[in-house]
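What follows is the content of work-v1.txt (compact mmCIF, C-alpha atoms and all ligand atoms).
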# COMPACT_ATOMS: atom_id res chain seq x y z
CA MET H 1 -8.65 -3.12 -22.88
CA GLN H 2 -11.62 -3.61 -25.22
CA LEU H 3 -14.76 -2.41 -23.44
CA PRO H 4 -17.94 -4.52 -23.64
CA GLU H 5 -21.06 -3.38 -25.53
CA ARG H 6 -23.69 -1.82 -23.25
CA ASN H 7 -25.80 -5.00 -23.13
CA GLN H 8 -22.87 -7.38 -22.77
CA PRO H 9 -21.67 -8.66 -19.37
CA CYS H 10 -19.49 -6.22 -17.45
CA TRP H 11 -15.70 -6.66 -17.51
CA CYS H 12 -15.65 -6.91 -13.71
CA GLY H 13 -17.13 -10.40 -13.67
CA SER H 14 -20.31 -9.43 -11.80
CA GLY H 15 -22.48 -11.05 -14.50
CA ARG H 16 -24.52 -7.84 -14.76
CA LYS H 17 -24.96 -5.93 -17.99
CA TYR H 18 -22.15 -3.48 -18.60
CA LYS H 19 -24.52 -0.50 -18.80
CA LYS H 20 -25.92 -1.33 -15.33
CA CYS H 21 -22.54 -2.10 -13.82
CA HIS H 22 -19.24 -0.31 -14.57
CA TRP H 23 -20.38 1.75 -17.60
CA ALA H 24 -20.86 5.00 -15.65
CA PHE H 25 -17.66 4.27 -13.74
CA ASP H 26 -15.71 3.95 -16.99
CA GLU H 27 -17.21 7.19 -18.29
CA LYS H 28 -16.05 8.92 -15.11
CA LEU H 29 -12.56 7.42 -15.44
CA LYS H 30 -12.40 8.61 -19.06
CA MET H 31 -13.27 12.12 -17.94
CA TYR H 32 -10.37 12.13 -15.46
CA GLU H 33 -8.03 10.60 -18.02
CA ASN H 34 -8.90 13.30 -20.54
CA GLN H 35 -7.78 15.86 -17.96
CA GLY H 36 -4.35 14.22 -17.91
CA ILE H 37 -4.88 12.42 -14.62
CA LEU H 38 -3.25 9.02 -14.12
CA VAL H 39 -6.10 6.49 -13.80
CA PRO H 40 -5.82 2.80 -12.82
CA SER H 41 -6.25 0.12 -15.47
CA HIS H 42 -9.10 -2.37 -14.99
CA GLU H 43 -6.58 -5.04 -13.97
CA LEU H 44 -5.91 -3.07 -10.77
CA ILE H 45 -9.56 -3.17 -9.73
CA LYS H 46 -10.26 -6.27 -7.64
CA THR H 47 -13.58 -8.12 -7.90
CA PRO H 48 -15.47 -9.05 -4.71
CA GLU H 49 -14.42 -12.70 -5.25
CA GLN H 50 -10.77 -11.74 -5.54
CA ILE H 51 -11.03 -9.57 -2.44
CA GLU H 52 -12.38 -12.53 -0.45
CA LYS H 53 -9.45 -14.72 -1.60
CA ILE H 54 -6.92 -12.02 -0.77
CA LYS H 55 -8.47 -11.72 2.70
CA GLU H 56 -7.92 -15.45 3.26
CA SER H 57 -4.27 -14.97 2.42
CA ALA H 58 -4.11 -11.95 4.72
CA LYS H 59 -5.56 -13.98 7.62
CA ILE H 60 -2.47 -16.18 7.48
CA ASN H 61 -0.14 -13.19 7.18
CA ILE H 62 -1.75 -11.58 10.25
CA ALA H 63 -1.60 -14.85 12.23
CA ILE H 64 2.12 -15.16 11.47
CA LEU H 65 2.82 -11.64 12.71
CA ASP H 66 0.67 -12.29 15.80
CA TYR H 67 2.81 -15.36 16.51
CA VAL H 68 5.98 -13.34 16.09
CA ALA H 69 4.58 -10.69 18.44
CA ASP H 70 3.96 -13.33 21.11
CA HIS H 71 7.37 -15.02 20.86
CA ILE H 72 9.94 -12.41 19.85
CA GLN H 73 12.38 -11.49 22.65
CA GLU H 74 15.99 -10.88 23.53
CA GLY H 75 18.21 -13.80 22.48
CA VAL H 76 15.98 -15.00 19.63
CA THR H 77 17.94 -15.20 16.34
CA THR H 78 16.50 -13.84 13.14
CA GLN H 79 16.87 -17.38 11.73
CA GLU H 80 14.45 -18.58 14.42
CA ILE H 81 11.95 -15.96 13.23
CA ASP H 82 12.42 -17.30 9.70
CA ASN H 83 11.78 -20.83 10.99
CA TRP H 84 8.52 -19.73 12.66
CA VAL H 85 7.33 -18.03 9.48
CA ALA H 86 8.22 -21.01 7.28
CA LYS H 87 6.48 -23.47 9.63
CA ILE H 88 3.24 -21.55 10.11
CA THR H 89 3.03 -20.74 6.41
CA LYS H 90 3.44 -24.40 5.48
CA GLU H 91 0.91 -25.58 8.06
CA ALA H 92 -1.60 -23.14 6.57
CA GLY H 93 -1.07 -24.59 3.11
CA ALA H 94 0.44 -21.34 1.89
CA VAL H 95 3.76 -20.20 0.43
CA ALA H 96 6.11 -17.54 1.77
CA ALA H 97 6.34 -14.94 -1.00
CA PRO H 98 9.89 -13.72 -0.21
CA LEU H 99 11.51 -17.19 -0.51
CA GLY H 100 13.16 -17.28 -3.92
CA TYR H 101 11.70 -13.92 -4.94
CA GLU H 102 14.37 -12.50 -7.23
CA GLY H 103 16.74 -14.82 -5.42
CA PHE H 104 15.89 -13.74 -1.85
CA PRO H 105 17.15 -16.66 0.27
CA LYS H 106 14.70 -16.68 3.22
CA SER H 107 10.96 -16.69 4.00
CA VAL H 108 10.80 -13.32 5.75
CA CYS H 109 12.69 -10.01 5.94
CA THR H 110 14.10 -9.01 9.35
CA SER H 111 15.60 -5.52 9.58
CA ILE H 112 17.22 -4.34 12.82
CA ASN H 113 18.04 -0.77 13.94
CA GLU H 114 19.90 1.00 11.08
CA GLN H 115 18.80 -1.70 8.65
CA VAL H 116 16.05 -0.07 6.60
CA CYS H 117 14.50 -3.16 4.96
CA HIS H 118 15.17 -6.50 3.21
CA GLY H 119 17.36 -7.79 6.05
CA ILE H 120 18.17 -11.49 5.63
CA PRO H 121 17.54 -13.75 8.64
CA SER H 122 20.69 -15.33 10.03
CA GLU H 123 21.73 -17.79 12.74
CA ASP H 124 24.48 -15.35 13.64
CA VAL H 125 22.16 -12.48 14.54
CA ALA H 126 20.51 -12.68 17.96
CA LEU H 127 18.22 -9.90 19.19
CA LYS H 128 19.69 -7.72 21.91
CA ASN H 129 18.09 -5.59 24.58
CA GLY H 130 17.34 -2.19 23.05
CA ASP H 131 17.00 -3.37 19.43
CA ILE H 132 14.13 -2.32 17.22
CA ILE H 133 13.28 -4.78 14.45
CA ASN H 134 10.95 -4.82 11.48
CA VAL H 135 9.52 -8.23 10.56
CA ASP H 136 8.06 -8.13 7.03
CA VAL H 137 5.82 -11.08 6.17
CA SER H 138 4.32 -11.83 2.75
CA THR H 139 2.08 -14.80 1.98
CA ILE H 140 0.73 -16.47 -1.15
CA LEU H 141 -2.45 -18.55 -0.73
CA ASP H 142 -3.92 -20.15 -3.86
CA GLY H 143 -2.13 -17.49 -5.90
CA TYR H 144 -3.40 -14.53 -3.84
CA TYR H 145 -0.89 -12.26 -2.13
CA SER H 146 -0.78 -10.51 1.21
CA ASP H 147 2.01 -8.40 2.68
CA SER H 148 2.42 -6.52 5.95
CA SER H 149 5.08 -5.72 8.50
CA ARG H 150 5.35 -4.59 12.10
CA MET H 151 8.02 -3.17 14.38
CA PHE H 152 9.00 -4.90 17.60
CA CYS H 153 10.91 -3.33 20.48
CA ILE H 154 13.24 -5.73 22.31
CA GLY H 155 13.48 -5.20 26.07
CA GLN H 156 14.14 -1.62 27.07
CA VAL H 157 14.64 0.57 23.99
CA SER H 158 15.82 4.16 24.19
CA PRO H 159 13.14 6.88 24.21
CA GLU H 160 14.54 8.10 20.86
CA LYS H 161 14.03 4.73 19.20
CA GLN H 162 10.63 4.25 20.82
CA LYS H 163 9.52 7.60 19.43
CA LEU H 164 10.74 6.68 15.93
CA VAL H 165 8.73 3.45 16.06
CA ASP H 166 5.62 5.23 17.34
CA VAL H 167 5.79 8.13 14.90
CA THR H 168 6.31 5.75 11.96
CA ARG H 169 3.13 3.96 12.92
CA GLU H 170 1.34 7.30 13.18
CA CYS H 171 2.63 8.17 9.70
CA VAL H 172 0.85 5.09 8.32
CA GLU H 173 -2.33 6.04 10.16
CA LYS H 174 -2.21 9.64 8.90
CA GLY H 175 -1.71 8.38 5.35
CA LEU H 176 -4.48 5.80 5.69
CA ALA H 177 -6.94 8.47 6.80
CA LYS H 178 -6.48 10.17 3.41
CA VAL H 179 -7.40 7.11 1.36
CA LYS H 180 -10.76 7.56 -0.32
CA PRO H 181 -12.36 6.85 -3.71
CA TRP H 182 -11.79 9.61 -6.28
CA GLY H 183 -8.96 10.99 -4.18
CA TYR H 184 -5.30 10.75 -5.18
CA LEU H 185 -2.47 8.54 -4.06
CA GLY H 186 -0.47 11.71 -3.36
CA ASP H 187 -3.01 12.71 -0.67
CA MET H 188 -1.78 9.74 1.36
CA SER H 189 1.90 10.39 0.50
CA GLN H 190 1.85 14.00 1.63
CA ALA H 191 0.20 13.13 4.95
CA VAL H 192 2.89 10.52 5.67
CA HIS H 193 5.70 12.89 4.73
CA GLU H 194 4.36 15.83 6.72
CA HIS H 195 4.04 13.83 9.92
CA ALA H 196 7.58 12.45 9.55
CA GLN H 197 9.02 15.90 8.90
CA ALA H 198 7.06 17.47 11.76
CA ASN H 199 8.92 15.06 14.04
CA GLY H 200 12.33 15.81 12.55
CA TYR H 201 12.57 12.56 10.59
CA SER H 202 13.10 11.83 6.90
CA VAL H 203 11.34 9.45 4.51
CA VAL H 204 13.18 6.96 2.31
CA ARG H 205 12.63 7.91 -1.32
CA GLU H 206 13.79 5.04 -3.51
CA ILE H 207 11.78 2.23 -1.92
CA GLY H 208 8.01 2.34 -1.60
CA GLY H 209 4.79 0.43 -1.43
CA HIS H 210 2.93 -1.19 -4.28
CA GLY H 211 -0.33 -2.49 -5.62
CA ILE H 212 -0.91 -6.08 -4.45
CA GLY H 213 -3.33 -8.99 -4.59
CA LEU H 214 -3.00 -11.01 -7.77
CA ASP H 215 0.74 -10.45 -7.77
CA PHE H 216 3.35 -9.49 -5.15
CA HIS H 217 4.13 -6.09 -6.64
CA GLU H 218 1.51 -4.52 -8.89
CA ASP H 219 1.02 -0.93 -10.00
CA PRO H 220 0.93 1.70 -8.69
CA TRP H 221 4.30 2.27 -7.09
CA VAL H 222 3.60 3.97 -3.74
CA GLY H 223 5.99 6.72 -2.69
CA TYR H 224 5.71 9.19 0.19
CA THR H 225 7.15 12.37 -1.24
CA GLN H 226 4.36 13.13 -3.75
CA GLN H 227 2.08 16.11 -3.27
CA ALA H 228 -1.62 15.87 -2.41
CA GLY H 229 -3.80 15.99 -5.51
CA THR H 230 -1.15 14.23 -7.62
CA GLY H 231 -0.39 10.64 -8.55
CA MET H 232 -2.81 7.87 -9.44
CA LEU H 233 -6.53 8.40 -8.97
CA LEU H 234 -7.92 6.07 -6.28
CA VAL H 235 -11.04 4.10 -7.16
CA PRO H 236 -13.06 1.39 -5.39
CA GLY H 237 -11.47 -2.04 -5.71
CA MET H 238 -7.86 -0.85 -5.79
CA MET H 239 -5.55 -2.45 -3.26
CA PHE H 240 -2.09 -1.31 -2.28
CA THR H 241 0.38 -1.21 0.59
CA ILE H 242 1.33 1.76 2.74
CA GLU H 243 4.80 0.99 4.07
CA PRO H 244 6.93 4.08 4.64
CA MET H 245 10.48 3.69 5.87
CA ILE H 246 11.20 6.55 8.26
CA ASN H 247 14.77 7.45 9.16
CA MET H 248 15.82 9.20 12.35
CA GLY H 249 18.52 11.05 10.39
CA SER H 250 19.01 11.55 6.68
CA TYR H 251 16.91 9.78 4.05
CA GLU H 252 20.00 8.42 2.31
CA ILE H 253 20.39 4.65 2.13
CA TYR H 254 22.65 2.03 0.56
CA VAL H 255 22.43 -1.66 -0.30
CA ASP H 256 24.96 -3.97 1.32
CA ASP H 257 27.14 -5.30 -1.52
CA SER H 258 28.04 -8.45 0.39
CA ASP H 259 24.48 -9.88 0.32
CA GLY H 260 22.89 -7.73 -2.40
CA TRP H 261 19.74 -7.22 -0.29
CA SER H 262 20.09 -5.57 3.11
CA VAL H 263 19.40 -1.86 2.95
CA TYR H 264 21.04 0.41 5.55
CA THR H 265 20.86 4.08 6.45
CA GLU H 266 23.87 5.96 5.11
CA ASP H 267 24.41 7.77 8.42
CA GLY H 268 23.99 4.66 10.57
CA LEU H 269 21.02 6.10 12.48
CA PRO H 270 17.95 3.91 13.09
CA SER H 271 15.08 3.42 10.64
CA ALA H 272 11.56 2.12 11.22
CA GLN H 273 8.79 0.76 9.00
CA TRP H 274 5.22 -0.44 9.41
CA GLU H 275 3.30 -1.90 6.47
CA ILE H 276 -0.42 -2.35 5.93
CA MET H 277 -2.51 -3.42 2.94
CA VAL H 278 -5.48 -1.23 2.16
CA LEU H 279 -8.52 -1.62 -0.11
CA VAL H 280 -10.22 1.45 -1.55
CA THR H 281 -13.97 1.05 -0.97
CA GLU H 282 -17.08 2.94 -2.15
CA ASN H 283 -17.01 5.03 1.04
CA GLY H 284 -13.37 5.16 2.04
CA TYR H 285 -11.00 2.31 2.81
CA GLU H 286 -10.70 -1.07 4.48
CA VAL H 287 -7.49 -2.37 6.04
CA ILE H 288 -6.94 -5.87 4.63
CA CYS H 289 -3.67 -6.79 6.31
CA TYR H 290 -1.60 -5.31 9.15
N1 LIG C 1 7.89 -7.49 1.69
C1 LIG C 1 8.58 -6.53 0.88
C2 LIG C 1 7.58 -5.48 0.42
O1 LIG C 1 6.93 -4.96 1.23
C3 LIG C 1 9.21 -7.16 -0.30
C4 LIG C 1 10.33 -7.97 0.06
S1 LIG C 1 11.02 -8.64 -1.32
C5 LIG C 1 12.03 -9.79 -0.63
O2 LIG C 1 7.41 -5.16 -0.70
F1 LIG C 1 12.46 -10.50 -1.60
F2 LIG C 1 13.00 -9.15 -0.01
F3 LIG C 1 11.35 -10.50 0.20
CO CO C 2 5.18 -4.52 0.55

Target encoding structure tokens, full file:
Amino acid sequence: MQLPERNQPCWCGSGRKYKKCHWAFDEKLKMYENQGILVPSHELIKTPEQIEKIKESAKINIAILDYVADHIQEGVTTQEIDNWVAKITKEAGAVAAPLGYEGFPKSVCTSINEQVCHGIPSEDVALKNGDIINVDVSTILDGYYSDSSRMFCIGQVSPEKQKLVDVTRECVEKGLAKVKPWGYLGDMSQAVHEHAQANGYSVVREIGGHGIGLDFHEDPWVGYTQQAGTGMLLVPGMMFTIEPMINMGSYEIYVDDSDGWSVYTEDGLPSAQWEIMVLVTENGYEVICY
């Protein structure tokens, strides 16, 4: 990107002169870049106006998941969950991001037990006592994206499954605590991985989180096996998801050939996932969607 002259308006859209706005920031970024560190492009740095719009989208995403939390129970089909998501999204004047995304046929992903992610809602699948399910909701409002997912435990789940769900949530929290400006994405990744391993679990490698806001999936790609002090430099205004998939057994997974989407654990043991959207701020982080 062509940088403005010192007295020209800043690239961030603040209306302030570049020298009084992001000039020092860009100098700092250049210094990191010269040391071989991966730095974010300006397109990944959200303006305050964009952040407000993304938060409006996130409000809908959160409300949908709150509705699911209140109504999900034994006997509900995953198609009914899809119907709820489609209805609430439409009433809010928004669009469900998954519908039609690379051909995905439904408005939400529902992944049960050994399904890792990208499960397709179906009339034929009713929730049973003891199931654990991830409901992954993504919303577009006026072109701004939000994305988050939660786990739900149906009836009485086994202590083993309950622990997997709880530890996976803790993994997200441990990772989140490492998010800070001028830190590294790998700081978060390592914290997630360590907590999973400490509990005897494994972390899915091939599928990760992503930058988000102006598009569904922006840079950087967010994995959970990177070391602290590595990966993209985090700077204020960056927004990304933390959404580790934690397996009770091995990290190996496969995609179901029959639908081209549903991801399963290779060993058939359960998997859990929680997803939040986080903004890097001047002082640390802000959770935008959960
Ligand atoms: N919501 C998923 C994510 O967290 C993406 C799902 S893509 C879909 O990135 F097409 F399966 F919806
Ligand atoms: Co996501």

Taking all atoms listed in the file into account, report as a PDB file with C-alpha atoms, keeping the file's coordinate frame which residues have an atom no farther than 10 Å from an atom of ligand LIG 1 (chain C).
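selection_35.pdb, freshly written:
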ATOM      1  CA  ALA H  96       6.110 -17.540   1.770  1.00  0.00           C
ATOM      2  CA  ALA H  97       6.340 -14.940  -1.000  1.00  0.00           C
ATOM      3  CA  PRO H  98       9.890 -13.720  -0.210  1.00  0.00           C
ATOM      4  CA  LEU H  99      11.510 -17.190  -0.510  1.00  0.00           C
ATOM      5  CA  GLY H 100      13.160 -17.280  -3.920  1.00  0.00           C
ATOM      6  CA  TYR H 101      11.700 -13.920  -4.940  1.00  0.00           C
ATOM      7  CA  GLU H 102      14.370 -12.500  -7.230  1.00  0.00           C
ATOM      8  CA  GLY H 103      16.740 -14.820  -5.420  1.00  0.00           C
ATOM      9  CA  PHE H 104      15.890 -13.740  -1.850  1.00  0.00           C
ATOM     10  CA  PRO H 105      17.150 -16.660   0.270  1.00  0.00           C
ATOM     11  CA  LYS H 106      14.700 -16.680   3.220  1.00  0.00           C
ATOM     12  CA  SER H 107      10.960 -16.690   4.000  1.00  0.00           C
ATOM     13  CA  VAL H 108      10.800 -13.320   5.750  1.00  0.00           C
ATOM     14  CA  CYS H 109      12.690 -10.010   5.940  1.00  0.00           C
ATOM     15  CA  THR H 110      14.100  -9.010   9.350  1.00  0.00           C
ATOM     16  CA  CYS H 117      14.500  -3.160   4.960  1.00  0.00           C
ATOM     17  CA  HIS H 118      15.170  -6.500   3.210  1.00  0.00           C
ATOM     18  CA  GLY H 119      17.360  -7.790   6.050  1.00  0.00           C
ATOM     19  CA  ILE H 120      18.170 -11.490   5.630  1.00  0.00           C
ATOM     20  CA  VAL H 135       9.520  -8.230  10.560  1.00  0.00           C
ATOM     21  CA  ASP H 136       8.060  -8.130   7.030  1.00  0.00           C
ATOM     22  CA  VAL H 137       5.820 -11.080   6.170  1.00  0.00           C
ATOM     23  CA  SER H 138       4.320 -11.830   2.750  1.00  0.00           C
ATOM     24  CA  THR H 139       2.080 -14.800   1.980  1.00  0.00           C
ATOM     25  CA  SER H 146      -0.780 -10.510   1.210  1.00  0.00           C
ATOM     26  CA  ASP H 147       2.010  -8.400   2.680  1.00  0.00           C
ATOM     27  CA  SER H 148       2.420  -6.520   5.950  1.00  0.00           C
ATOM     28  CA  SER H 149       5.080  -5.720   8.500  1.00  0.00           C
ATOM     29  CA  ILE H 207      11.780   2.230  -1.920  1.00  0.00           C
ATOM     30  CA  GLY H 208       8.010   2.340  -1.600  1.00  0.00           C
ATOM     31  CA  GLY H 209       4.790   0.430  -1.430  1.00  0.00           C
ATOM     32  CA  HIS H 210       2.930  -1.190  -4.280  1.00  0.00           C
ATOM     33  CA  GLY H 211      -0.330  -2.490  -5.620  1.00  0.00           C
ATOM     34  CA  ILE H 212      -0.910  -6.080  -4.450  1.00  0.00           C
ATOM     35  CA  PHE H 216       3.350  -9.490  -5.150  1.00  0.00           C
ATOM     36  CA  HIS H 217       4.130  -6.090  -6.640  1.00  0.00           C
ATOM     37  CA  THR H 241       0.380  -1.210   0.590  1.00  0.00           C
ATOM     38  CA  ILE H 242       1.330   1.760   2.740  1.00  0.00           C
ATOM     39  CA  GLU H 243       4.800   0.990   4.070  1.00  0.00           C
ATOM     40  CA  PRO H 244       6.930   4.080   4.640  1.00  0.00           C
ATOM     41  CA  TRP H 261      19.740  -7.220  -0.290  1.00  0.00           C
ATOM     42  CA  SER H 262      20.090  -5.570   3.110  1.00  0.00           C
ATOM     43  CA  GLN H 273       8.790   0.760   9.000  1.00  0.00           C
ATOM     44  CA  TRP H 274       5.220  -0.440   9.410  1.00  0.00           C
ATOM     45  CA  GLU H 275       3.300  -1.900   6.470  1.00  0.00           C
ATOM     46  CA  ILE H 276      -0.420  -2.350   5.930  1.00  0.00           C
ATOM     47  CA  MET H 277      -2.510  -3.420   2.940  1.00  0.00           C
TER      48      MET H 277
END

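In this comparison, which uses only C-alpha atoms, the residue of H:Ala272, H:Val157, H:Ile88, H:Val76 approaching H:Ala126 most closely is H:Val76.
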
- Point out the residue among H:Ile288, H:Ala228, H:Val204, H:Ile51 with the least atom-to-atom distance to H:Asp187, counting only C-alpha atoms.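 When distances to H:Asp187 are compared using only C-alpha atoms, the smallest one comes from H:Ala228.
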
- Item | Residue nearest ligand CO 2 (chain C) - candidates H:Ile246, H:Val235, H:Ile140, H:Val222, atoms counted: only C-alpha atoms and all ligand atoms |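 Going through H:Ile246, H:Val235, H:Ile140, H:Val222 one by one, the smallest distance to ligand CO 2 (chain C) is for H:Val222.
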
- Query: So which residues fall inside 7 Å of (14.0, -0.5, 9.4) if we count all atoms listed in the file? Mind giving them as a PyMOL selection string?
  - Reply: chain H and resi 111-117+133-134+245+270-273

If you take every atom of stretch 126-139 of chain H that the file lists and fit an axis-aligned box around them with 8 Å extra on each side, what centre and edge lengths come out in Å to one decimal, as lines of an AutoDock Vina configuration file?
center_x = 11.3
center_y = -8.5
center_z = 13.3
size_x = 34.4
size_y = 28.6
size_z = 38.6

- Note on the structure: Shortest contact to ligand CO 2 (chain C), candidates H:Gly237, H:Gly223, H:Gly229, H:Gly186, atoms counted all atoms listed in the file, goes to H:Gly223

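From atom CA of H:Leu164 back to atom CA of H:Met239, the distance works out to 26.8 Å.
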
Write out as an mmCIF file with C-alpha atoms, in the frame of the given file the residues lying within 12 Å of H:Lys53, counting all atoms listed in the file and excluding same-chain residues fewer than 5 positions away.
data_model
loop_
_atom_site.group_PDB
_atom_site.id
_atom_site.type_symbol
_atom_site.label_atom_id
_atom_site.label_comp_id
_atom_site.auth_asym_id
_atom_site.auth_seq_id
_atom_site.Cartn_x
_atom_site.Cartn_y
_atom_site.Cartn_z
ATOM 1 C CA LYS H 46 -10.260 -6.270 -7.640
ATOM 2 C CA THR H 47 -13.580 -8.120 -7.900
ATOM 3 C CA PRO H 48 -15.470 -9.050 -4.710
ATOM 4 C CA ALA H 58 -4.110 -11.950 4.720
ATOM 5 C CA LYS H 59 -5.560 -13.980 7.620
ATOM 6 C CA ILE H 60 -2.470 -16.180 7.480
ATOM 7 C CA ILE H 140 0.730 -16.470 -1.150
ATOM 8 C CA LEU H 141 -2.450 -18.550 -0.730
ATOM 9 C CA ASP H 142 -3.920 -20.150 -3.860
ATOM 10 C CA GLY H 143 -2.130 -17.490 -5.900
ATOM 11 C CA TYR H 144 -3.400 -14.530 -3.840
ATOM 12 C CA TYR H 145 -0.890 -12.260 -2.130
ATOM 13 C CA SER H 146 -0.780 -10.510 1.210
ATOM 14 C CA GLY H 213 -3.330 -8.990 -4.590
ATOM 15 C CA LEU H 214 -3.000 -11.010 -7.770
ATOM 16 C CA ILE H 288 -6.940 -5.870 4.630
#

- Note on the structure: From the list H:Asp256, H:Glu286, H:Asp219, H:Ser14, the nearest residue to ligand CO 2 (chain C) using all atoms listed in the file is H:Asp219

- Message: Given only C-alpha atoms and all ligand atoms as the basis, pick out the residue of H:Cys289, H:Ala63, H:Gly260, H:Pro121 nearest to ligand CO 2 (chain C).
- Response: H:Cys289

- Could you work out how far atom CA of H:Cys10 lies from atom CA of H:Lys178, giving the answer in Å with one decimal?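 Here the two named atoms are 29.5 Å from each other.
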
- Message: Residues within 12 Å of (-3.5, 11.9, 1.4), file coordinates, counting only C-alpha atoms: what are they? Give the list as a ChimeraX atom specification.
- Response: /H:171-195,222-234,242,284

Is it possible to add N, CA and C atoms to stretch 22-38 of chain H and hand it back as a PDB file, in the frame of the given file?
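Here's the written file result-v3.pdb:
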ATOM      1  N   HIS H  22     -20.354  -1.265 -14.587  1.00  0.00           N
ATOM      2  CA  HIS H  22     -19.240  -0.310 -14.570  1.00  0.00           C
ATOM      3  C   HIS H  22     -19.257   0.706 -15.710  1.00  0.00           C
ATOM      4  N   TRP H  23     -20.363   0.813 -16.457  1.00  0.00           N
ATOM      5  CA  TRP H  23     -20.380   1.750 -17.600  1.00  0.00           C
ATOM      6  C   TRP H  23     -20.181   3.209 -17.113  1.00  0.00           C
ATOM      7  N   ALA H  24     -20.966   3.611 -16.134  1.00  0.00           N
ATOM      8  CA  ALA H  24     -20.860   5.000 -15.650  1.00  0.00           C
ATOM      9  C   ALA H  24     -19.489   5.246 -15.018  1.00  0.00           C
ATOM     10  N   PHE H  25     -18.988   4.216 -14.353  1.00  0.00           N
ATOM     11  CA  PHE H  25     -17.660   4.270 -13.740  1.00  0.00           C
ATOM     12  C   PHE H  25     -16.595   4.526 -14.812  1.00  0.00           C
ATOM     13  N   ASP H  26     -16.690   3.778 -15.910  1.00  0.00           N
ATOM     14  CA  ASP H  26     -15.710   3.950 -16.990  1.00  0.00           C
ATOM     15  C   ASP H  26     -15.814   5.334 -17.621  1.00  0.00           C
ATOM     16  N   GLU H  27     -17.036   5.841 -17.735  1.00  0.00           N
ATOM     17  CA  GLU H  27     -17.210   7.190 -18.290  1.00  0.00           C
ATOM     18  C   GLU H  27     -16.517   8.218 -17.383  1.00  0.00           C
ATOM     19  N   LYS H  28     -16.671   8.010 -16.082  1.00  0.00           N
ATOM     20  CA  LYS H  28     -16.050   8.920 -15.110  1.00  0.00           C
ATOM     21  C   LYS H  28     -14.523   8.844 -15.205  1.00  0.00           C
ATOM     22  N   LEU H  29     -14.020   7.604 -15.306  1.00  0.00           N
ATOM     23  CA  LEU H  29     -12.560   7.420 -15.440  1.00  0.00           C
ATOM     24  C   LEU H  29     -12.041   8.132 -16.682  1.00  0.00           C
ATOM     25  N   LYS H  30     -12.793   7.982 -17.789  1.00  0.00           N
ATOM     26  CA  LYS H  30     -12.400   8.610 -19.060  1.00  0.00           C
ATOM     27  C   LYS H  30     -12.306  10.117 -18.899  1.00  0.00           C
ATOM     28  N   MET H  31     -13.256  10.665 -18.166  1.00  0.00           N
ATOM     29  CA  MET H  31     -13.270  12.120 -17.940  1.00  0.00           C
ATOM     30  C   MET H  31     -11.996  12.564 -17.210  1.00  0.00           C
ATOM     31  N   TYR H  32     -11.615  11.815 -16.179  1.00  0.00           N
ATOM     32  CA  TYR H  32     -10.370  12.130 -15.460  1.00  0.00           C
ATOM     33  C   TYR H  32      -9.165  11.984 -16.379  1.00  0.00           C
ATOM     34  N   GLU H  33      -9.162  10.885 -17.141  1.00  0.00           N
ATOM     35  CA  GLU H  33      -8.030  10.600 -18.020  1.00  0.00           C
ATOM     36  C   GLU H  33      -7.848  11.726 -19.047  1.00  0.00           C
ATOM     37  N   ASN H  34      -8.964  12.223 -19.547  1.00  0.00           N
ATOM     38  CA  ASN H  34      -8.900  13.300 -20.540  1.00  0.00           C
ATOM     39  C   ASN H  34      -8.324  14.586 -19.947  1.00  0.00           C
ATOM     40  N   GLN H  35      -8.375  14.682 -18.622  1.00  0.00           N
ATOM     41  CA  GLN H  35      -7.780  15.860 -17.960  1.00  0.00           C
ATOM     42  C   GLN H  35      -6.302  15.636 -17.642  1.00  0.00           C
ATOM     43  N   GLY H  36      -5.772  14.499 -18.115  1.00  0.00           N
ATOM     44  CA  GLY H  36      -4.350  14.220 -17.910  1.00  0.00           C
ATOM     45  C   GLY H  36      -4.040  13.560 -16.585  1.00  0.00           C
ATOM     46  N   ILE H  37      -5.081  13.062 -15.924  1.00  0.00           N
ATOM     47  CA  ILE H  37      -4.880  12.420 -14.620  1.00  0.00           C
ATOM     48  C   ILE H  37      -4.578  10.928 -14.823  1.00  0.00           C
ATOM     49  N   LEU H  38      -3.633  10.427 -14.031  1.00  0.00           N
ATOM     50  CA  LEU H  38      -3.250   9.020 -14.120  1.00  0.00           C
ATOM     51  C   LEU H  38      -4.363   8.173 -13.504  1.00  0.00           C
TER      52      LEU H  38
END
